[in-house]
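Student: My file is entry_12.cif. It has mmCIF, C-alpha atoms:
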data_structure
loop_
_atom_site.label_atom_id
_atom_site.label_comp_id
_atom_site.auth_asym_id
_atom_site.auth_seq_id
_atom_site.Cartn_x
_atom_site.Cartn_y
_atom_site.Cartn_z
CA MET A 13 106.46 152.68 52.35
CA ASP A 14 108.25 149.34 52.18
CA HIS A 15 111.80 148.19 52.79
CA PHE A 16 112.65 146.86 49.31
CA LEU A 17 115.12 149.34 47.83
CA TYR A 18 117.87 149.49 45.23
CA ARG A 19 121.46 150.01 46.33
CA ASP A 20 124.29 150.30 43.81
CA GLY A 21 122.05 148.89 41.09
CA ALA A 22 120.80 145.85 43.02
CA LEU A 23 117.54 145.17 44.90
CA TYR A 24 117.73 144.64 48.65
CA ALA A 25 115.23 143.37 51.22
CA GLU A 26 116.09 145.59 54.18
CA ASP A 27 119.88 145.02 54.38
CA VAL A 28 120.05 141.73 52.46
CA PRO A 29 120.71 141.53 48.69
CA ILE A 30 117.91 139.64 46.94
CA SER A 31 120.47 137.90 44.72
CA GLU A 32 122.06 136.34 47.82
CA ILE A 33 118.74 134.89 48.93
CA ALA A 34 118.10 133.52 45.43
CA ALA A 35 121.53 131.90 45.37
CA SER A 36 120.82 130.30 48.75
CA VAL A 37 117.27 128.98 48.35
CA GLY A 38 116.57 128.96 44.59
CA THR A 39 113.53 130.42 42.85
CA PRO A 40 110.64 131.04 43.01
CA PHE A 41 110.29 132.27 46.59
CA TYR A 42 108.59 134.94 48.65
CA VAL A 43 110.59 137.17 50.97
CA TYR A 44 108.86 139.35 53.56
CA SER A 45 110.20 142.38 55.38
CA THR A 46 109.76 142.30 59.14
CA ALA A 47 110.32 146.05 59.30
CA THR A 48 107.50 146.68 56.81
CA LEU A 49 105.06 144.38 58.60
CA GLU A 50 105.79 146.08 61.91
CA ARG A 51 105.51 149.57 60.44
CA HIS A 52 102.18 148.89 58.75
CA PHE A 53 100.61 147.23 61.77
CA LYS A 54 101.68 150.09 64.03
CA LEU A 55 100.36 152.71 61.57
CA PHE A 56 96.95 151.02 61.47
CA ASP A 57 96.82 150.50 65.23
CA GLU A 58 97.93 154.08 65.98
CA ALA A 59 95.27 155.44 63.61
CA LEU A 60 92.68 154.02 66.04
CA GLU A 61 94.30 155.49 69.15
CA GLY A 62 91.81 156.66 71.73
CA MET A 63 89.22 154.06 70.75
CA ASP A 64 88.64 150.78 72.60
CA HIS A 65 89.84 148.47 69.84
CA LEU A 66 91.63 145.29 68.76
CA VAL A 67 93.31 144.90 65.36
CA CYS A 68 92.84 141.31 64.17
CA TYR A 69 95.08 140.59 61.19
CA ALA A 70 93.14 138.81 58.41
CA MET A 71 95.23 135.68 57.95
CA LYS A 72 93.87 135.08 54.45
CA ALA A 73 96.22 137.86 53.29
CA ALA A 74 99.35 135.82 54.13
CA SER A 75 99.43 133.10 56.77
CA ASN A 76 103.14 132.20 56.91
CA GLN A 77 104.06 131.38 60.49
CA ALA A 78 106.91 133.90 60.61
CA ILE A 79 104.49 136.67 59.58
CA LEU A 80 101.97 135.60 62.22
CA LYS A 81 104.58 135.48 64.98
CA THR A 82 105.84 138.93 64.03
CA LEU A 83 102.35 140.41 64.29
CA ALA A 84 101.42 138.41 67.39
CA ALA A 85 104.44 139.87 69.17
CA LEU A 86 103.02 143.35 68.47
CA GLY A 87 99.74 142.42 70.16
CA ALA A 88 97.72 141.69 67.05
CA GLY A 89 94.65 139.52 67.16
CA MET A 90 93.83 137.21 64.26
CA ASP A 91 90.82 136.89 61.97
CA VAL A 92 90.53 133.24 60.89
CA VAL A 93 88.18 131.46 58.49
CA SER A 94 89.12 127.80 59.03
CA GLY A 95 90.32 125.32 61.61
CA GLY A 96 93.72 125.32 59.95
CA GLU A 97 94.03 129.09 60.31
CA TYR A 98 92.85 128.84 63.93
CA ALA A 99 95.58 126.27 64.65
CA ARG A 100 98.19 128.47 62.94
CA ALA A 101 97.13 131.47 65.03
CA LYS A 102 97.41 129.51 68.26
CA ALA A 103 100.80 128.10 67.19
CA ALA A 104 102.00 131.66 66.61
CA GLY A 105 101.21 132.49 70.22
CA VAL A 106 97.89 134.31 69.76
CA PRO A 107 95.57 133.63 72.72
CA GLY A 108 91.99 132.58 72.03
CA GLU A 109 90.60 135.85 73.39
CA ARG A 110 92.33 137.66 70.49
CA ILE A 111 90.96 135.38 67.73
CA VAL A 112 87.75 136.06 65.78
CA PHE A 113 86.31 133.28 63.61
CA SER A 114 84.72 134.51 60.38
CA GLY A 115 83.52 132.77 57.20
CA VAL A 116 80.31 131.27 55.85
CA GLY A 117 81.43 127.62 56.05
CA LYS A 118 82.38 126.88 59.65
CA THR A 119 82.14 123.13 60.25
CA ARG A 120 81.04 121.44 63.47
CA ASP A 121 84.61 120.29 64.13
CA GLU A 122 85.91 123.86 63.67
CA VAL A 123 83.30 125.28 66.05
CA ARG A 124 84.20 122.63 68.63
CA MET A 125 87.93 123.38 68.19
CA ALA A 126 87.43 127.11 68.77
CA LEU A 127 85.13 126.68 71.76
CA SER A 128 87.59 124.26 73.34
CA GLY A 129 90.67 126.37 72.59
CA GLY A 130 89.23 129.81 73.30
CA ILE A 131 87.69 132.46 71.04
CA ARG A 132 86.94 136.17 71.20
CA GLN A 133 83.86 135.74 69.03
CA PHE A 134 82.25 133.87 66.17
CA ASN A 135 81.09 136.21 63.42
CA VAL A 136 77.87 134.33 62.63
CA GLU A 137 76.79 134.35 58.98
CA SER A 138 73.42 132.54 59.03
CA GLU A 139 70.66 131.10 61.17
CA PRO A 140 71.65 127.46 60.48
CA GLU A 141 75.19 128.27 61.64
CA MET A 142 73.74 129.86 64.76
CA HIS A 143 71.88 126.64 65.59
CA VAL A 144 75.07 124.56 65.14
CA ILE A 145 77.08 126.82 67.47
CA SER A 146 74.25 126.69 70.02
CA GLU A 147 74.13 122.88 69.95
CA ILE A 148 77.88 122.43 70.34
CA ALA A 149 78.21 125.09 73.06
CA THR A 150 75.38 123.38 74.98
CA GLU A 151 77.09 119.98 74.63
CA LEU A 152 80.34 121.42 75.96
CA GLY A 153 78.61 123.33 78.75
CA VAL A 154 80.01 126.69 77.66
CA GLU A 155 78.72 129.97 76.29
CA ALA A 156 79.74 130.88 72.73
CA PRO A 157 80.35 134.61 72.25
CA ILE A 158 78.83 135.68 68.94
CA THR A 159 78.42 138.72 66.77
CA ILE A 160 75.99 138.55 63.88
CA ARG A 161 77.28 139.60 60.50
CA VAL A 162 74.83 141.86 58.75
CA ASN A 163 74.81 142.50 55.03
CA PRO A 164 74.12 146.23 54.62
CA ASP A 165 73.53 146.07 50.83
CA VAL A 166 76.28 148.59 50.12
CA ASP A 167 78.29 148.55 46.90
CA ALA A 168 81.97 148.56 47.87
CA LYS A 169 82.94 149.70 44.34
CA THR A 170 85.63 147.05 44.10
CA HIS A 171 86.22 143.97 41.93
CA ALA A 172 83.04 141.87 41.74
CA LYS A 173 84.83 138.77 43.04
CA ILE A 174 85.87 140.49 46.29
CA ALA A 175 82.71 142.51 46.97
CA THR A 176 80.92 141.05 50.01
CA GLY A 177 78.37 143.62 51.17
CA LYS A 178 75.67 143.61 48.49
CA SER A 179 72.36 141.79 48.88
CA GLU A 180 73.23 139.23 46.19
CA ASN A 181 76.49 138.22 47.91
CA LYS A 182 76.72 135.06 50.04
CA PHE A 183 77.81 136.86 53.19
CA GLY A 184 75.86 137.80 56.29
CA ILE A 185 72.21 138.26 57.15
CA PRO A 186 70.20 140.98 55.35
CA ILE A 187 70.21 144.02 57.61
CA SER A 188 66.44 144.27 57.12
CA ARG A 189 66.07 140.93 58.99
CA ALA A 190 68.59 141.65 61.70
CA ARG A 191 66.10 142.37 64.48
CA GLU A 192 64.29 139.03 64.13
CA VAL A 193 67.59 137.12 63.81
CA TYR A 194 68.94 138.74 66.98
CA ALA A 195 65.71 137.76 68.74
CA LEU A 196 66.23 134.16 67.58
CA ALA A 197 69.82 134.17 68.86
CA ALA A 198 68.67 135.45 72.24
CA SER A 199 66.29 132.48 72.52
CA LEU A 200 68.93 129.81 71.82
CA PRO A 201 70.89 128.17 74.65
CA GLY A 202 74.66 128.39 74.77
CA LEU A 203 74.92 131.67 72.89
CA LYS A 204 76.12 134.96 74.30
CA ILE A 205 75.33 137.82 71.95
CA ILE A 206 78.04 140.46 72.24
CA GLY A 207 77.53 142.54 69.14
CA ILE A 208 77.49 143.05 65.42
CA ASP A 209 79.83 142.43 62.48
CA VAL A 210 80.08 143.96 59.00
CA HIS A 211 82.54 143.61 56.11
CA ILE A 212 81.65 144.87 52.63
CA GLY A 213 84.67 143.89 50.53
CA SER A 214 88.38 144.08 49.86
CA GLN A 215 90.69 146.52 48.08
CA LEU A 216 88.42 149.53 48.63
CA SER A 217 89.72 152.69 47.00
CA THR A 218 87.44 155.16 48.79
CA LEU A 219 86.06 155.50 52.32
CA GLU A 220 82.55 156.45 51.20
CA PRO A 221 81.11 152.89 51.01
CA LEU A 222 82.59 152.04 54.41
CA GLU A 223 81.11 155.15 56.00
CA THR A 224 77.71 154.35 54.49
CA ALA A 225 77.83 150.78 55.84
CA PHE A 226 79.00 151.91 59.27
CA GLY A 227 76.18 154.45 59.39
CA LYS A 228 73.67 151.64 58.88
CA VAL A 229 75.36 149.61 61.61
CA GLY A 230 75.10 152.53 64.03
CA ASP A 231 71.37 152.86 63.36
CA LEU A 232 70.94 149.11 63.91
CA ILE A 233 72.83 149.19 67.22
CA ALA A 234 70.40 151.82 68.51
CA GLU A 235 67.39 149.76 67.34
CA LEU A 236 68.73 146.55 68.91
CA ARG A 237 69.34 148.25 72.24
CA ALA A 238 65.81 149.66 72.13
CA GLN A 239 64.67 146.07 71.56
CA GLY A 240 66.48 145.02 74.76
CA GLN A 241 69.53 143.43 73.15
CA THR A 242 73.00 143.87 74.61
CA VAL A 243 75.51 145.23 72.11
CA THR A 244 79.00 145.70 73.54
CA HIS A 245 81.16 144.91 70.48
CA ALA A 246 81.24 145.96 66.84
CA ASP A 247 83.50 144.26 64.31
CA LEU A 248 84.01 146.60 61.35
CA GLY A 249 85.92 144.13 59.16
CA GLY A 250 88.70 145.25 56.85
CA GLY A 251 88.95 146.10 53.18
CA LEU A 252 91.20 149.15 53.03
CA GLY A 253 92.98 149.02 49.67
CA VAL A 254 96.66 149.33 48.78
CA PRO A 255 98.26 150.87 45.66
CA TYR A 256 99.35 148.28 43.11
CA LYS A 257 100.54 150.85 40.55
CA LYS A 258 102.98 153.65 41.13
CA GLY A 259 101.20 156.94 41.68
CA GLU A 260 97.90 155.45 42.89
CA LEU A 261 96.46 157.36 45.84
CA LEU A 262 94.26 155.47 48.30
CA PRO A 263 92.91 156.39 51.74
CA SER A 264 95.54 156.15 54.46
CA PRO A 265 95.07 154.36 57.80
CA ALA A 266 95.02 157.81 59.44
CA GLU A 267 92.13 158.95 57.22
CA TYR A 268 90.32 155.68 57.88
CA GLY A 269 90.82 156.02 61.63
CA ALA A 270 89.49 159.58 61.63
CA MET A 271 86.36 158.44 59.78
CA VAL A 272 85.83 155.54 62.20
CA ALA A 273 86.24 157.82 65.22
CA ARG A 274 83.68 160.26 63.85
CA VAL A 275 81.07 157.64 62.92
CA THR A 276 81.37 155.34 65.95
CA GLN A 277 81.75 157.98 68.68
CA PRO A 278 78.15 157.55 69.97
CA TRP A 279 78.15 153.74 69.87
CA ASP A 280 79.85 152.98 73.22
CA VAL A 281 81.27 149.63 72.06
CA ALA A 282 84.59 147.81 71.85
CA LEU A 283 85.70 147.80 68.22
CA SER A 284 87.58 145.14 66.28
CA PHE A 285 89.06 145.37 62.80
CA GLU A 286 90.25 142.79 60.26
CA PRO A 287 92.87 144.39 58.01
CA GLY A 288 94.89 142.08 55.77
CA ARG A 289 96.53 143.39 52.63
CA VAL A 290 96.96 146.91 54.05
CA ILE A 291 99.42 145.31 56.49
CA ALA A 292 100.99 142.56 54.36
CA GLY A 293 100.35 143.64 50.75
CA ASN A 294 103.64 145.34 50.00
CA ALA A 295 105.59 143.76 52.86
CA GLY A 296 106.64 140.92 50.58
CA ILE A 297 107.84 140.26 47.05
CA LEU A 298 107.79 137.15 44.86
CA LEU A 299 111.12 136.37 43.23
CA THR A 300 111.10 134.49 39.94
CA ARG A 301 113.84 133.65 37.45
CA VAL A 302 113.66 133.87 33.66
CA ILE A 303 113.85 130.37 32.21
CA ARG A 304 114.05 131.48 28.60
CA VAL A 305 112.76 133.96 26.04
CA LYS A 306 110.55 132.43 23.36
CA ARG A 307 110.28 134.49 20.17
CA SER A 308 107.42 134.37 17.66
CA SER A 309 107.12 136.09 14.31
CA ASN A 310 103.74 137.74 14.90
CA THR A 311 103.83 138.83 18.55
CA SER A 312 106.07 140.30 21.21
CA PRO A 313 108.49 137.79 22.75
CA PHE A 314 107.33 135.53 25.57
CA VAL A 315 109.52 135.79 28.66
CA VAL A 316 108.98 132.47 30.45
CA VAL A 317 109.58 132.58 34.22
CA ASP A 318 109.59 129.85 36.86
CA ALA A 319 106.84 131.21 39.15
CA ALA A 320 103.28 130.23 38.21
CA MET A 321 99.63 130.78 39.08
CA ASN A 322 99.96 128.41 42.03
CA ASP A 323 102.51 130.86 43.48
CA LEU A 324 100.52 134.04 42.72
CA ALA A 325 96.91 133.57 41.64
CA ARG A 326 95.72 137.18 41.37
CA PRO A 327 96.78 137.93 37.76
CA ALA A 328 95.06 134.79 36.45
CA MET A 329 92.02 135.05 38.75
CA TYR A 330 91.32 138.79 38.66
CA GLY A 331 93.43 140.11 35.82
CA ALA A 332 95.28 141.93 38.61
CA TRP A 333 98.24 144.22 38.06
CA HIS A 334 101.54 143.63 39.85
CA ASP A 335 104.64 145.68 39.12
CA ILE A 336 107.48 143.61 37.68
CA GLU A 337 111.01 144.76 38.43
CA ALA A 338 114.47 143.43 37.66
CA VAL A 339 116.64 142.45 40.62
CA GLU A 340 119.67 143.99 38.86
CA PRO A 341 118.29 146.34 36.15
CA SER A 342 120.36 146.80 33.01
CA GLY A 343 118.65 150.06 32.05
CA SER A 344 117.29 148.72 28.75
CA LYS A 345 113.59 148.09 28.14
CA SER A 346 111.45 146.12 25.69
CA VAL A 347 107.81 145.11 25.25
CA SER A 348 107.26 141.47 26.17
CA HIS A 349 104.70 139.01 27.50
CA ILE A 350 105.66 137.72 30.97
CA VAL A 351 104.28 134.18 31.05
CA ARG A 352 104.38 131.27 33.43
CA PRO A 353 104.96 127.52 32.98
CA ILE A 354 101.57 125.97 33.81
CA CYS A 355 99.76 124.53 30.78
CA GLU A 356 96.95 127.10 30.72
CA THR A 357 96.85 130.19 28.55
CA GLY A 358 95.68 132.17 31.57
CA ASP A 359 98.91 131.45 33.45
CA THR A 360 100.50 134.83 32.75
CA PHE A 361 101.84 137.68 34.88
CA ALA A 362 101.33 140.37 32.27
CA MET A 363 100.79 140.72 28.53
CA ASN A 364 102.51 143.47 26.55
#
Go through the file and emit its structure as structure tokens.

Tutor:
Amino acid sequence: MDHFLYRDGALYAEDVPISEIAASVGTPFYVYSTATLERHFKLFDEALEGMDHLVCYAMKAASNQAILKTLAALGAGMDVVSGGEYARAKAAGVPGERIVFSGVGKTRDEVRMALSGGIRQFNVESEPEMHVISEIATELGVEAPITIRVNPDVDAKTHAKIATGKSENKFGIPISRAREVYALAASLPGLKIIGIDVHIGSQLSTLEPLETAFGKVGDLIAELRAQGQTVTHADLGGGLGVPYKKGELLPSPAEYGAMVARVTQPWDVALSFEPGRVIAGNAGILLTRVIRVKRSSNTSPFVVVDAAMNDLARPAMYGAWHDIEAVEPSGSKSVSHIVRPICETGDTFAMN
């Protein structure tokens, strides 16, 4: 549920008419609903009730400072993948102990920034990265808390460009090599191994791939402990999908939480999660204005709008579907191409 509703034939964001915002700030613009953000975060957090957990909002979903401050006030942690995101999280009031640093491309400066400013954990993606974190932690005279991201070779059954858990993807360490990589980490100075991390993709439409991946993680935790490793934390990533078309049915946070509780019950770890779009996906809308309608003799008309692929990349990048609604519907309908002003044929919202 979101808080964008029609009243007397006009679209509102909570209690504010969209047309008033457009008149004030011009188009294109995004508007986010605080009430929706709060509702979605609480639903996800409550679905994990009874488990030792921290919900770390994946900032890649939407990193506007007002959004971050809203979630920080609710006790959210943050999942960051760059120094810029780390700085934004801190500016929003998120303490270092609630920030996890993910991503395959952490630079030396970013590692130093996080170790100096405070961090819950680095989700380590490779052995070379592990060596870098060890060197910088040793220079600073601190211990770097790390989890090691394992790649479980599980097909998330999502778009190929946002699948991250198969063996051919760039993410994580093959789960078959995890034991030797954990042994290496234990031998390096400046590192404090706290656990394990897994994330298999985004916009998942079923819980089955997640449960399969988590099952492999549970087996690995038992093996690592038998090997003498300390495993106190498990980061289960994010990926829960949201409906982009009316009538789509996807797993709810409550169903996800029940699955997590069942699978992780024997693990005896603190859990962290990295949801993004399931919190922010339908908490905001992009407003765009029709510039003109361009008619052609051999095709449907082109409705040219002022928002472009730099404002919303998903249709051009993934061929993604987004519902298009009128702010003040007239009741009439026609078949058109909704196109955008950048000089690329791919800069469209929707054809036909």

Student: Select, from A:Arg352, A:Lys102, A:His211, A:Arg191, the residue with the minimum atom-to-atom distance to Ile233 in chain A, counting only C-alpha atoms.

Tutor: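 Among A:Arg352, A:Lys102, A:His211, A:Arg191, it is A:Arg191 that comes nearest to Ile233 in chain A.
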
Student: CA of Asn364 in chain A to CA of Ile33 in chain A: how many Å, to one decimal?

Tutor: 28.9 Å

Student: If you take only C-alpha atoms and a cut-off of 10 Å, which residues of range 230-320 of chain A touch range 36-41 of chain A, and what are their nearest atom pairs and distances in Å to one decimal, in chain and number order, as JSON lines?

Tutor:
{"residue": "A:Ile297", "atom": "CA", "partner": "A:Phe41", "partner_atom": "CA", "distance": 8.4}
{"residue": "A:Leu298", "atom": "CA", "partner": "A:Phe41", "partner_atom": "CA", "distance": 5.7}
{"residue": "A:Leu299", "atom": "CA", "partner": "A:Pro40", "partner_atom": "CA", "distance": 5.4}
{"residue": "A:Thr300", "atom": "CA", "partner": "A:Pro40", "partner_atom": "CA", "distance": 4.6}
{"residue": "A:Arg301", "atom": "CA", "partner": "A:Thr39", "partner_atom": "CA", "distance": 6.3}
{"residue": "A:Val302", "atom": "CA", "partner": "A:Thr39", "partner_atom": "CA", "distance": 9.8}
{"residue": "A:Val317", "atom": "CA", "partner": "A:Pro40", "partner_atom": "CA", "distance": 9.0}
{"residue": "A:Asp318", "atom": "CA", "partner": "A:Pro40", "partner_atom": "CA", "distance": 6.4}
{"residue": "A:Ala319", "atom": "CA", "partner": "A:Pro40", "partner_atom": "CA", "distance": 5.4}
{"residue": "A:Ala320", "atom": "CA", "partner": "A:Pro40", "partner_atom": "CA", "distance": 8.8}

Student: Please measure the separation of CA of Asp280 in chain A and CA of Asp247 in chain A, giving the value in Å to one decimal.

Tutor: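 Atom-to-atom, CA of Asp280 in chain A to CA of Asp247 in chain A, that is 13.0 Å.
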
Student: Taking 2 positions as the minimum chain separation for residues in the same chain, which residues sit within 10 Å of range 95-99 of chain A when counting all atoms listed in the file? Answer as an NGL selection string.

Tutor: :A and (70-72 or 75 or 90-93 or 101-104 or 106 or 108 or 111-113 or 118-119 or 121-126 or 129 or 131)

Student: Which residues would end up in the selection if the PyMOL selection byres ((chain A and resi 162) around 6) were applied here, given that I need the answer as number ranges by chain?

Tutor: A: 161, 163, 184-187, 210

Student: Return as a PyMOL selection string the set of residues that the PyMOL selection byres ((chain A and resi 363) around 8) yields on the displayed structure.

Tutor: chain A and resi 348-351+360-362+364

Student: Residues of range 244-358 of chain A within 10 Å of range 213-228 of chain A: nearest atom pair and distance (Å, one decimal) for each, counting all atoms listed in the file, sorted by chain and number, as a Markdown table?

Tutor:
| residue | atom | partner | partner_atom | distance |
| --- | --- | --- | --- | --- |
| A:Ala246 | CA | A:Phe226 | CA | 9.9 |
| A:Leu248 | CA | A:Phe226 | CA | 7.6 |
| A:Gly249 | CA | A:Gly213 | CA | 8.7 |
| A:Gly250 | CA | A:Ser214 | CA | 7.1 |
| A:Gly251 | CA | A:Ser214 | CA | 3.9 |
| A:Leu252 | CA | A:Leu216 | CA | 5.2 |
| A:Gly253 | CA | A:Gln215 | CA | 3.7 |
| A:Val254 | CA | A:Gln215 | CA | 6.6 |
| A:Pro255 | CA | A:Ser217 | CA | 8.8 |
| A:Glu260 | CA | A:Ser217 | CA | 9.6 |
| A:Leu261 | CA | A:Ser217 | CA | 8.3 |
| A:Leu262 | CA | A:Ser217 | CA | 5.5 |
| A:Pro263 | CA | A:Thr218 | CA | 6.3 |
| A:Ser264 | CA | A:Leu219 | CA | 9.7 |
| A:Glu267 | CA | A:Leu219 | CA | 8.5 |
| A:Tyr268 | CA | A:Leu219 | CA | 7.0 |
| A:Met271 | CA | A:Glu223 | CA | 7.3 |
| A:Val272 | CA | A:Glu223 | CA | 7.8 |
| A:Arg274 | CA | A:Glu223 | CA | 9.7 |
| A:Val275 | CA | A:Gly227 | CA | 6.8 |
| A:Thr276 | CA | A:Phe226 | CA | 7.9 |
| A:Pro287 | CA | A:Ser214 | CA | 9.3 |
| A:Gly288 | CA | A:Ser214 | CA | 9.0 |
| A:Arg289 | CA | A:Gln215 | CA | 8.0 |
| A:Val290 | CA | A:Gln215 | CA | 8.7 |

Student: If you keep C-alpha atoms, can you produce a file of those selected residues as a compact mmCIF listing (two decimals), keeping the file's coordinate frame?

Tutor:
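File produced: out37.txt:
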# COMPACT_ATOMS: atom_id res chain seq x y z
CA ALA A 246 81.24 145.96 66.84
CA LEU A 248 84.01 146.60 61.35
CA GLY A 249 85.92 144.13 59.16
CA GLY A 250 88.70 145.25 56.85
CA GLY A 251 88.95 146.10 53.18
CA LEU A 252 91.20 149.15 53.03
CA GLY A 253 92.98 149.02 49.67
CA VAL A 254 96.66 149.33 48.78
CA PRO A 255 98.26 150.87 45.66
CA GLU A 260 97.90 155.45 42.89
CA LEU A 261 96.46 157.36 45.84
CA LEU A 262 94.26 155.47 48.30
CA PRO A 263 92.91 156.39 51.74
CA SER A 264 95.54 156.15 54.46
CA GLU A 267 92.13 158.95 57.22
CA TYR A 268 90.32 155.68 57.88
CA MET A 271 86.36 158.44 59.78
CA VAL A 272 85.83 155.54 62.20
CA ARG A 274 83.68 160.26 63.85
CA VAL A 275 81.07 157.64 62.92
CA THR A 276 81.37 155.34 65.95
CA PRO A 287 92.87 144.39 58.01
CA GLY A 288 94.89 142.08 55.77
CA ARG A 289 96.53 143.39 52.63
CA VAL A 290 96.96 146.91 54.05

Student: Please compute the CA of Gly293 in chain A-CA of Glu26 in chain A distance, one decimal, in Å.

Tutor: 16.2 Å

Student: For Ala59 in chain A, work out the shell of residues within 12 Å, counting all atoms listed in the file and skipping chain neighbours fewer than 2 positions away, then give it as a list in words.

Tutor: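 Listing them by chain and then by number gives His52, Phe53, Lys54, Leu55, Phe56, Asp57, Glu61, Gly62, Met63, His65, Leu66, Val67, Ser264, Pro265, Ala266, Glu267, Tyr268, Gly269, Ala270, Met271, Val272, Ala273 and Phe285 of chain A.
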
Student: Given the point (79.2, 128.1, 71.7) in the file's coordinates, find the residues that have an atom at most 10 Å from it, counting all atoms listed in the file, and give them as a list in words.

Tutor: Val123, Arg124, Ala126, Leu127, Ser128, Ile131, Gln133, Phe134, Met142, His143, Val144, Ile145, Ser146, Glu147, Ile148, Ala149, Thr150, Glu151, Leu152, Gly153, Val154, Glu155, Ala156, Pro157, Ile158, Pro201, Gly202, Leu203 and Lys204 of chain A

Student: With only C-alpha atoms as the basis for distance, which of A:Glu286, A:Ala34, A:Asp359, A:Gly343 is at the shortest distance from Val316 in chain A?

Tutor: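 Using only C-alpha atoms, the shortest distance to Val316 in chain A belongs to A:Asp359.
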
Student: Could you write range 13-24 of chain A as a PDB file, in the frame of the given file, with N, CA, C and O atoms rebuilt where they are missing?

Tutor:
ATOM      1  N   MET A  13     105.013 152.873  52.496  1.00  0.00           N
ATOM      2  CA  MET A  13     106.460 152.680  52.350  1.00  0.00           C
ATOM      3  C   MET A  13     106.823 151.241  52.668  1.00  0.00           C
ATOM      4  O   MET A  13     106.285 150.634  53.590  1.00  0.00           O
ATOM      5  N   ASP A  14     107.742 150.672  51.875  1.00  0.00           N
ATOM      6  CA  ASP A  14     108.250 149.340  52.180  1.00  0.00           C
ATOM      7  C   ASP A  14     109.760 149.394  52.326  1.00  0.00           C
ATOM      8  O   ASP A  14     110.370 150.457  52.233  1.00  0.00           O
ATOM      9  N   HIS A  15     110.358 148.256  52.572  1.00  0.00           N
ATOM     10  CA  HIS A  15     111.800 148.190  52.790  1.00  0.00           C
ATOM     11  C   HIS A  15     112.482 147.347  51.715  1.00  0.00           C
ATOM     12  O   HIS A  15     113.418 146.596  51.983  1.00  0.00           O
ATOM     13  N   PHE A  16     112.002 147.483  50.462  1.00  0.00           N
ATOM     14  CA  PHE A  16     112.650 146.860  49.310  1.00  0.00           C
ATOM     15  C   PHE A  16     113.198 148.000  48.443  1.00  0.00           C
ATOM     16  O   PHE A  16     112.430 148.715  47.787  1.00  0.00           O
ATOM     17  N   LEU A  17     114.503 148.185  48.472  1.00  0.00           N
ATOM     18  CA  LEU A  17     115.120 149.340  47.830  1.00  0.00           C
ATOM     19  C   LEU A  17     116.351 148.912  47.034  1.00  0.00           C
ATOM     20  O   LEU A  17     116.968 147.879  47.318  1.00  0.00           O
ATOM     21  N   TYR A  18     116.673 149.742  46.035  1.00  0.00           N
ATOM     22  CA  TYR A  18     117.870 149.490  45.230  1.00  0.00           C
ATOM     23  C   TYR A  18     119.077 150.182  45.857  1.00  0.00           C
ATOM     24  O   TYR A  18     118.999 151.334  46.290  1.00  0.00           O
ATOM     25  N   ARG A  19     120.189 149.450  45.884  1.00  0.00           N
ATOM     26  CA  ARG A  19     121.460 150.010  46.330  1.00  0.00           C
ATOM     27  C   ARG A  19     122.530 149.609  45.308  1.00  0.00           C
ATOM     28  O   ARG A  19     122.690 148.404  45.038  1.00  0.00           O
ATOM     29  N   ASP A  20     123.217 150.571  44.773  1.00  0.00           N
ATOM     30  CA  ASP A  20     124.290 150.300  43.810  1.00  0.00           C
ATOM     31  C   ASP A  20     123.803 149.374  42.690  1.00  0.00           C
ATOM     32  O   ASP A  20     124.506 148.445  42.281  1.00  0.00           O
ATOM     33  N   GLY A  21     122.574 149.627  42.230  1.00  0.00           N
ATOM     34  CA  GLY A  21     122.050 148.890  41.090  1.00  0.00           C
ATOM     35  C   GLY A  21     121.496 147.512  41.387  1.00  0.00           C
ATOM     36  O   GLY A  21     121.184 146.750  40.452  1.00  0.00           O
ATOM     37  N   ALA A  22     121.327 147.172  42.661  1.00  0.00           N
ATOM     38  CA  ALA A  22     120.800 145.850  43.020  1.00  0.00           C
ATOM     39  C   ALA A  22     119.686 145.997  44.049  1.00  0.00           C
ATOM     40  O   ALA A  22     119.718 146.887  44.901  1.00  0.00           O
ATOM     41  N   LEU A  23     118.690 145.117  43.992  1.00  0.00           N
ATOM     42  CA  LEU A  23     117.540 145.170  44.900  1.00  0.00           C
ATOM     43  C   LEU A  23     117.874 144.483  46.217  1.00  0.00           C
ATOM     44  O   LEU A  23     118.431 143.374  46.241  1.00  0.00           O
ATOM     45  N   TYR A  24     117.515 145.161  47.303  1.00  0.00           N
ATOM     46  CA  TYR A  24     117.730 144.640  48.650  1.00  0.00           C
ATOM     47  C   TYR A  24     116.379 144.471  49.357  1.00  0.00           C
ATOM     48  O   TYR A  24     115.440 145.249  49.134  1.00  0.00           O
TER      49      TYR A  24
END
